[in-house]
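*Asks:* Okay, so here is my_file26.tsv, and as you'll see once you scroll down, it has TSV, C-alpha atoms.
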chain	number	residue	atom	x	y	z
O	684	MET	CA	15.49	-25.12	7.52
O	685	LEU	CA	17.67	-28.21	8.13
O	686	ILE	CA	15.47	-30.27	5.79
O	687	LYS	CA	15.86	-27.65	3.04
O	688	LEU	CA	19.67	-27.69	3.44
O	689	ARG	CA	19.70	-31.48	3.20
O	690	ASP	CA	17.54	-31.39	0.07
O	691	ASN	CA	19.81	-28.81	-1.58
O	692	LEU	CA	22.94	-30.78	-0.68
O	693	PHE	CA	21.44	-33.96	-2.10
O	694	LEU	CA	20.47	-32.16	-5.33
O	695	THR	CA	23.97	-30.63	-5.61
O	696	ILE	CA	25.63	-34.03	-5.27
O	697	ILE	CA	23.33	-35.55	-7.90
O	698	LEU	CA	24.04	-32.77	-10.39
O	699	ILE	CA	27.82	-32.95	-9.87
O	700	VAL	CA	27.81	-36.74	-10.28
O	701	ALA	CA	25.66	-36.46	-13.42
O	702	SER	CA	28.03	-33.87	-14.91
O	703	ALA	CA	31.08	-35.98	-14.10
O	704	ALA	CA	29.38	-39.04	-15.62
O	705	VAL	CA	28.66	-37.21	-18.88
O	706	TYR	CA	32.26	-36.02	-19.16
O	707	GLY	CA	33.45	-39.55	-18.32
O	708	VAL	CA	31.32	-41.08	-21.10
O	709	GLN	CA	32.59	-38.43	-23.50
O	710	TYR	CA	36.21	-39.27	-22.68
O	711	ILE	CA	35.62	-43.03	-22.99
O	712	ILE	CA	33.99	-42.68	-26.41
O	713	PHE	CA	36.20	-40.02	-28.02
O	714	GLN	CA	39.44	-40.33	-26.02
O	715	ARG	CA	40.12	-36.59	-26.28
O	716	GLY	CA	41.02	-35.53	-22.77
O	717	ASP	CA	42.76	-32.32	-23.80
O	718	GLU	CA	39.74	-31.11	-25.78
O	719	THR	CA	37.40	-32.06	-22.98
O	720	LEU	CA	39.51	-30.04	-20.55
O	721	PHE	CA	39.64	-27.13	-23.01
O	722	TYR	CA	35.86	-26.96	-23.41
O	723	LEU	CA	35.34	-27.45	-19.68
O	724	LEU	CA	37.52	-24.45	-18.91
O	725	GLN	CA	35.81	-22.50	-21.68
O	726	ASP	CA	32.42	-23.19	-20.17
O	727	LEU	CA	33.67	-22.22	-16.71
O	728	ALA	CA	34.95	-18.93	-18.12
O	729	PHE	CA	31.38	-17.93	-18.96
O	730	VAL	CA	29.91	-18.96	-15.60
O	731	PRO	CA	30.45	-15.49	-13.99
O	732	VAL	CA	28.64	-13.85	-16.91
O	733	GLN	CA	25.78	-16.33	-16.58
O	734	VAL	CA	25.57	-15.63	-12.85
O	735	LEU	CA	25.54	-11.90	-13.61
O	736	VAL	CA	22.68	-12.30	-16.09
O	737	VAL	CA	20.65	-14.49	-13.74
O	738	THR	CA	21.25	-12.29	-10.70
O	739	LEU	CA	20.89	-8.80	-12.16
O	740	VAL	CA	18.47	-9.36	-15.01
O	741	ILE	CA	16.29	-12.42	-14.48
O	742	ASN	CA	16.05	-12.12	-10.69
O	743	ARG	CA	15.31	-8.40	-10.95
O	744	PHE	CA	12.61	-9.06	-13.51
O	745	LEU	CA	11.05	-11.72	-11.29
O	746	SER	CA	11.32	-9.39	-8.29
O	747	LEU	CA	9.56	-6.58	-10.15
O	748	SER	CA	6.86	-8.98	-11.29
O	749	GLU	CA	6.31	-10.18	-7.73
O	750	LYS	CA	6.26	-6.59	-6.48
O	751	ARG	CA	3.57	-5.66	-9.02
O	752	LYS	CA	1.46	-8.58	-7.83
O	753	LYS	CA	1.82	-7.44	-4.21
O	754	ILE	CA	0.94	-3.86	-5.16
O	755	LYS	CA	-2.21	-5.11	-6.87
O	756	LYS	CA	-3.19	-7.10	-3.79
O	757	VAL	CA	-2.58	-4.08	-1.56
O	758	ASN	CA	-4.61	-1.81	-3.83
O	759	VAL	CA	-7.50	-4.29	-3.77
O	760	ILE	CA	-7.45	-3.99	0.04
O	761	ILE	CA	-7.26	-0.19	-0.17
O	762	SER	CA	-10.12	-0.12	-2.67
O	763	THR	CA	-12.20	-2.29	-0.33
O	764	PHE	CA	-11.37	0.02	2.57
O	765	PHE	CA	-12.55	3.17	0.81
O	766	SER	CA	-15.61	1.47	-0.67
O	767	GLU	CA	-16.82	0.07	2.64
O	768	THR	CA	-15.25	2.26	5.31
O	769	GLY	CA	-12.93	5.05	4.22
O	770	THR	CA	-15.41	7.20	2.33
O	771	THR	CA	-17.76	7.30	5.31
O	772	LEU	CA	-14.90	8.09	7.70
O	773	LEU	CA	-13.74	10.95	5.49
O	774	CYS	CA	-17.25	12.42	5.57
O	775	GLU	CA	-17.76	11.94	9.32
O	776	ILE	CA	-14.33	13.11	10.51
O	777	GLY	CA	-14.38	15.94	7.98
O	778	LYS	CA	-17.33	17.46	9.86
O	779	PHE	CA	-14.87	18.48	12.59
O	780	ASN	CA	-12.63	20.38	10.17
O	781	GLN	CA	-13.76	23.99	10.29
O	782	GLU	CA	-12.02	24.62	6.97
O	783	ASN	CA	-13.41	21.56	5.24
O	784	ASN	CA	-15.25	23.47	2.52
O	785	ALA	CA	-11.99	25.12	1.47
O	786	LEU	CA	-10.30	21.71	1.42
O	787	CYS	CA	-13.14	20.22	-0.63
O	788	GLU	CA	-12.80	23.01	-3.18
O	789	MET	CA	-9.11	22.18	-3.56
O	790	LEU	CA	-9.81	18.48	-4.08
O	791	LYS	CA	-13.00	18.78	-6.09
O	792	ILE	CA	-13.08	16.55	-9.17
O	793	THR	CA	-16.08	16.20	-11.43
O	794	ASP	CA	-14.78	14.38	-14.49
O	795	LEU	CA	-11.65	12.92	-16.08
O	796	LYS	CA	-10.54	16.25	-17.55
O	797	LYS	CA	-10.71	18.39	-14.42
O	798	GLU	CA	-8.01	17.19	-12.07
O	799	LYS	CA	-5.53	20.05	-11.78
O	800	SER	CA	-6.55	20.77	-8.20
O	801	LEU	CA	-6.13	17.10	-7.27
O	802	PHE	CA	-2.63	16.78	-8.72
O	803	GLY	CA	-1.58	20.14	-7.34
O	804	GLY	CA	-3.06	19.27	-3.97
O	805	LYS	CA	-1.04	16.07	-3.79
O	806	ARG	CA	2.19	18.06	-4.03
O	807	THR	CA	1.14	20.70	-1.51
O	808	GLN	CA	-0.66	18.62	1.05
O	809	LYS	CA	0.95	20.41	4.00
O	810	ALA	CA	-0.73	23.60	2.80
O	811	TYR	CA	-4.20	22.08	2.95
O	812	PRO	CA	-6.64	23.95	5.20
O	813	TYR	CA	-7.06	21.97	8.42
O	814	ASP	CA	-8.59	23.53	11.52
O	815	PHE	CA	-10.03	20.81	13.72
O	816	TYR	CA	-12.26	21.30	16.71
O	817	ALA	CA	-13.62	18.24	18.51
O	818	ASP	CA	-17.12	19.62	19.05
O	819	PRO	CA	-18.57	17.65	22.00
O	820	ALA	CA	-22.04	17.90	20.45
O	821	LYS	CA	-20.88	15.88	17.41
O	822	LEU	CA	-18.59	13.39	19.13
O	823	GLY	CA	-21.37	11.02	20.14
O	824	ASP	CA	-22.42	10.38	16.53
O	825	LEU	CA	-18.79	9.91	15.48
O	826	ALA	CA	-18.18	7.47	18.33
O	827	LEU	CA	-21.06	5.29	17.13
O	828	VAL	CA	-19.71	5.28	13.57
O	829	MET	CA	-16.16	4.50	14.72
O	830	GLU	CA	-17.29	1.67	16.98
O	831	GLY	CA	-19.01	0.03	14.04
O	832	TYR	CA	-15.81	0.14	11.99
O	833	LYS	CA	-13.33	-1.10	14.60
O	834	ALA	CA	-13.64	-4.74	13.56
O	835	PRO	CA	-12.92	-4.10	9.85
O	836	LEU	CA	-9.98	-1.86	10.80
O	837	LEU	CA	-8.50	-4.56	13.03
O	838	SER	CA	-8.96	-7.12	10.27
O	839	MET	CA	-7.02	-4.94	7.83
O	840	LEU	CA	-4.22	-4.32	10.33
O	841	GLU	CA	-3.76	-8.10	10.57
O	842	ASN	CA	-3.33	-8.44	6.79
O	843	SER	CA	0.30	-9.33	6.02
O	844	ASN	CA	0.08	-7.76	2.54
O	845	LEU	CA	-0.06	-4.31	4.16
O	846	LEU	CA	3.32	-4.69	5.87
O	847	GLU	CA	5.02	-3.12	2.85
O	848	HIS	CA	2.58	-0.21	2.68
O	849	ASP	CA	3.68	1.84	5.68
O	850	SER	CA	1.61	4.96	5.01
O	851	PHE	CA	-1.66	3.04	4.72
O	852	THR	CA	-0.88	1.05	7.88
O	853	ASP	CA	-0.06	4.28	9.73
O	854	MET	CA	-3.37	5.73	8.56
O	855	LEU	CA	-5.26	2.72	9.90
O	856	TRP	CA	-3.54	3.09	13.27
O	857	ALA	CA	-4.38	6.80	13.37
O	858	VAL	CA	-8.05	6.09	12.69
O	859	PHE	CA	-8.11	3.20	15.15
O	860	HIS	CA	-6.59	5.49	17.80
O	861	VAL	CA	-9.45	7.94	17.35
O	862	ALA	CA	-11.94	5.11	17.90
O	863	ASP	CA	-10.14	4.12	21.11
O	864	GLU	CA	-9.97	7.70	22.38
O	865	LEU	CA	-13.67	8.23	21.84
O	866	LYS	CA	-14.43	5.03	23.72
O	867	ILE	CA	-12.43	5.94	26.85
O	868	ARG	CA	-13.17	9.66	27.15
O	869	GLY	CA	-16.46	9.30	28.96
O	870	PRO	CA	-19.44	11.70	28.65
O	871	PHE	CA	-18.51	14.12	25.87
O	872	GLY	CA	-20.49	16.94	27.43
O	873	GLU	CA	-18.10	16.90	30.40
O	874	LEU	CA	-14.84	17.12	28.45
O	875	ASP	CA	-12.44	19.80	29.62
O	876	PRO	CA	-10.47	22.00	27.17
O	877	SER	CA	-7.37	19.78	27.34
O	878	ASP	CA	-9.42	16.71	26.36
O	879	ILE	CA	-11.02	18.60	23.47
O	880	ALA	CA	-7.59	19.80	22.30
O	881	HIS	CA	-6.25	16.24	22.46
O	882	LEU	CA	-9.16	14.82	20.48
O	883	SER	CA	-8.91	17.66	17.96
O	884	ASN	CA	-5.29	16.75	17.34
O	885	ASP	CA	-6.14	13.04	16.99
O	886	LEU	CA	-8.92	13.83	14.53
O	887	ARG	CA	-6.63	16.02	12.46
O	888	ARG	CA	-3.90	13.34	12.33
O	889	ALA	CA	-6.37	10.67	11.20
O	890	TYR	CA	-8.03	12.96	8.66
O	891	GLU	CA	-4.76	14.11	7.10
O	892	ALA	CA	-3.71	10.48	6.67
O	893	LEU	CA	-7.11	9.55	5.22
O	894	VAL	CA	-6.97	12.40	2.69
O	895	ALA	CA	-3.43	11.45	1.63
O	896	GLU	CA	-4.39	7.81	1.08
O	897	TRP	CA	-7.61	8.78	-0.68
O	898	ILE	CA	-5.66	10.90	-3.19
O	899	GLN	CA	-3.24	8.04	-3.85
O	900	TYR	CA	-6.21	5.69	-4.27
O	901	ILE	CA	-7.95	7.99	-6.77
O	902	LEU	CA	-4.78	8.50	-8.80
O	903	TYR	CA	-4.17	4.74	-8.89
O	904	LEU	CA	-7.71	4.07	-10.12
O	905	LYS	CA	-7.38	6.68	-12.87
O	906	THR	CA	-4.20	5.03	-14.17
O	907	GLU	CA	-5.08	1.36	-13.75
O	908	TYR	CA	-8.89	1.12	-13.67
O	909	PRO	CA	-10.60	4.11	-15.37
O	910	PHE	CA	-14.05	2.53	-15.06
O	911	LEU	CA	-13.64	2.26	-11.28
O	912	TYR	CA	-12.27	5.78	-11.20
O	913	VAL	CA	-15.46	7.15	-12.75
O	914	ALA	CA	-17.52	5.39	-10.08
O	915	ALA	CA	-15.19	6.65	-7.33
O	916	ILE	CA	-15.46	10.32	-8.26
O	917	ARG	CA	-19.23	10.02	-8.32
O	918	LYS	CA	-19.01	9.03	-4.65
O	919	ASN	CA	-16.40	11.71	-3.96
O	920	PRO	CA	-16.46	12.34	-0.18
O	921	MET	CA	-14.84	15.73	-0.72
O	922	GLN	CA	-18.12	17.58	-1.23
O	923	VAL	CA	-18.80	21.10	-0.07
O	924	SER	CA	-21.36	21.11	2.72
O	925	GLU	CA	-24.51	22.85	1.47
O	926	GLU	CA	-25.41	23.98	5.00
O	927	GLU	CA	-22.02	25.62	5.57
O	928	ALA	CA	-21.88	27.00	2.04
O	929	ALA	CA	-25.22	28.68	2.62
Taking this structure as input, can you express it in the form of structure tokens?
*Replies:*
Amino acid sequence: MLIKLRDNLFLTIILIVASAAVYGVQYIIFQRGDETLFYLLQDLAFVPVQVLVVTLVINRFLSLSEKRKKIKKVNVIISTFFSETGTTLLCEIGKFNQENNALCEMLKITDLKKEKSLFGGKRTQKAYPYDFYADPAKLGDLALVMEGYKAPLLSMLENSNLLEHDSFTDMLWAVFHVADELKIRGPFGELDPSDIAHLSNDLRRAYEALVAEWIQYILYLKTEYPFLYVAAIRKNPMQVSEEEAA
């Protein structure tokens, strides 16, 4: 910090001396001190306007440009998450939602022209059908899946680009918490009702966050990368279970 201040001070002195030298040469050659003073004051009169333009227009433009770059970096991370991890987690955790078929019907998308349920669902997410029950018979399989994904989740949490994307970071923590809970709960067949209720709540929290981020991810792909969007809906994790539908 001290080095930067010294560099800026040195640059300021150089610029002031250079400006004074130019005005000095002008005065020596033309001998018009009053005109030099007049134009100097005229230039100074426009300095506030120049500062205004630089601060409010140019800086804002540069800030928006930088923000777009950061958003793109974040969405690359989110895309990687759902391609390698998120889609599987949605499928596996969704098995504990006893109303998952109803939810899948609300979020079902088959092509670019049939998205009314998706857009409507985004606005009414709190009304989505969630009824989670941490079935001990299924927890073992989920624990194995979650254990395999803990390292990628930790790696994403350490990514500084995600600091400005609070909802995605919160979702990662919710999913990571489920993995931790499953690891410390012991034999799932011996869980008491309070443990099952606790795990059910954790699963619901993680799943709600996953669904919210998945919707945002799909909508972003449709707007920015239609070709990736087509591939994403083909791997849509929100599929009605044929066993339960039967």
*Asks:* Excluding stretch 716-730 of chain O and any residue of its chain fewer than 4 positions from it, enumerate the residues within 12 Å of it, using only C-alpha atoms, and give them as a CSV table (one decimal) with C-alpha atoms, in the frame of the given file.
*Replies:*
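Here's the written file part30.csv:
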chain,number,residue,atom,x,y,z
O,702,SER,CA,28.0,-33.9,-14.9
O,703,ALA,CA,31.1,-36.0,-14.1
O,705,VAL,CA,28.7,-37.2,-18.9
O,706,TYR,CA,32.3,-36.0,-19.2
O,707,GLY,CA,33.4,-39.6,-18.3
O,708,VAL,CA,31.3,-41.1,-21.1
O,709,GLN,CA,32.6,-38.4,-23.5
O,710,TYR,CA,36.2,-39.3,-22.7
O,711,ILE,CA,35.6,-43.0,-23.0
O,712,ILE,CA,34.0,-42.7,-26.4
O,734,VAL,CA,25.6,-15.6,-12.8
O,735,LEU,CA,25.5,-11.9,-13.6
O,736,VAL,CA,22.7,-12.3,-16.1
O,737,VAL,CA,20.6,-14.5,-13.7
O,738,THR,CA,21.2,-12.3,-10.7
*Asks:* For the atom pair atom CA of O:Lys821 and atom CA of O:Ala834, what is the interatomic distance in Å to one decimal place?
*Replies:*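 Straight-line distance from atom CA of O:Lys821 to atom CA of O:Ala834 works out to 22.2 Å.
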*Asks:* State, in Å with one decimal place, the distance from atom CA of O:Cys787 to atom CA of O:Gln899.
*Replies:*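 Rounded to one decimal, the two atoms are 16.0 Å apart.
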*Asks:* I'd like the neighbourhood of stretch 885-892 of chain O as a short mmCIF file (atom, residue, chain, number, x, y, z; two decimals) with C-alpha atoms, in the coordinates of the input, where a residue qualifies if any of its atoms comes within 8 Å (using only C-alpha atoms), though same-chain residues fewer than 3 positions away should be ignored.
*Replies:*
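part05.cif, freshly written:
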data_model
loop_
_atom_site.label_atom_id
_atom_site.label_comp_id
_atom_site.auth_asym_id
_atom_site.auth_seq_id
_atom_site.Cartn_x
_atom_site.Cartn_y
_atom_site.Cartn_z
CA LEU O 773 -13.74 10.95 5.49
CA ILE O 776 -14.33 13.11 10.51
CA GLY O 777 -14.38 15.94 7.98
CA PHE O 779 -14.87 18.48 12.59
CA ASN O 780 -12.63 20.38 10.17
CA TYR O 813 -7.06 21.97 8.42
CA ASP O 814 -8.59 23.53 11.52
CA PHE O 815 -10.03 20.81 13.72
CA ALA O 817 -13.62 18.24 18.51
CA SER O 850 1.61 4.96 5.01
CA PHE O 851 -1.66 3.04 4.72
CA ASP O 853 -0.06 4.28 9.73
CA MET O 854 -3.37 5.73 8.56
CA ALA O 857 -4.38 6.80 13.37
CA VAL O 858 -8.05 6.09 12.69
CA HIS O 860 -6.59 5.49 17.80
CA VAL O 861 -9.45 7.94 17.35
CA HIS O 881 -6.25 16.24 22.46
CA LEU O 882 -9.16 14.82 20.48
CA ALA O 895 -3.43 11.45 1.63
CA GLU O 896 -4.39 7.81 1.08
#
*Asks:* Leaving out stretch 873-876 of chain O and any residue of its chain fewer than 5 positions from it, which residues lie within 12 Å of it when counting all atoms listed in the file, given as a PyMOL selection string?
*Replies:* chain O and resi 816-820+822+865+867-868+881-883
